[in-house]
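K.L.:
One structure is given below, represented as structure tokens, and several questions about it will come after.
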Amino acid sequence: MKIVNTKVMAALLGASVLASAPVVAQDKSGTNKSETELELTDSGKMVEKAALGYRLAEYARANEDGQAMLVAARILKGVSLRDSDNKGEMVATGSGKADTGEDGAMVTADTLLDEAATFAADDDDLLDMIEETRAAENRGAVGGAIGLRRWVPSATAWNVDFSARGGEPLVIAAQRDSGTPVDLQVYDENGYLVCQDMSHNVVLKCRVDPAWTGPFRVKLSNHGGIGTGVQLVTN
């Protein structure tokens, strides 16, 4: 008679039970939003950094402050953005005829350095620092956050769909060009509003902590009477 090792038998039986047990699907019927704040990924931190740079640049423009604009440019030097074929769609939200315009160029460290040089005027020391910064290598990680730019006509919403991983925060920042009011809203796959920034500030930001992997819709609504270029950055 063969003697069976009881520990081995127990392990085999346990594995058999686990293998035959039905897989319980995750409940995705509610709001895709974790109750706990998740740790930011490197790409999420990059979006936060971009938002900071955009906000400082707006302050610099309002005050024609070359030094502040230089600092904003240095912040964006540490942000690496990649393009995406997913440009989203424009949906009319009003009955008026939508105006037309160009998407325009992405706001980058170099474009902010150009503005800083304009504000610097005859300040040779500041101009030297601007050129030193321009010559420095970008510090952002390769393949970082996604950067998109579109012209959003008046009374129009720009909808862009993204997929986010469960357990990794989704961070969205948007910057408008003109003074027209723009709102930022984020919806999950079930249509629940999970974040919004209705401040009408030049720079808008949202963060969502997904409970599971799934699609999200970013909606940027131009409620004003004129169109505007909008730059969208997300991880």
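We label chains A, B, ... in the order they appear in the structure tokens, count residues from 1 in each chain, and number ligands from 1 in the order shown.
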What's around range 113-122 of chain A at 9 Å? Count only C-alpha atoms, leave out sequence neighbours fewer than 2 positions away in its own chain, and write the answer as a ChimeraX atom specification.

P.N.:
/A:60-61,64-70,72-74,108-111,124-127,130-131,133-134

K.L.:
As a ChimeraX atom specification, which residues of range 128-205 of chain A does DSSP assign to strand (DSSP E)?

P.N.:
/A:145-152,156-164,170-176,182-188,193-197,203-205

K.L.:
Which one is closest to Ser34 in chain A: A:Gln196, A:Thr213, A:Gln175, A:Ser95? Count only C-alpha atoms.

P.N.:
A:Thr213

K.L.:
Using only C-alpha atoms, find the one residue out of A:Glu189, A:Gly214, A:Met106, A:Thr31 that sits nearest to Gly166 in chain A.

P.N.:
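That would be A:Gly214, the residue with the smallest distance to Gly166 in chain A.
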
K.L.:
So, with only C-alpha atoms as the atoms that count, which of A:Asp83, A:Asp161, A:Glu58, A:Glu137 lies closest to Leu112 in chain A?

P.N.:
A:Glu58
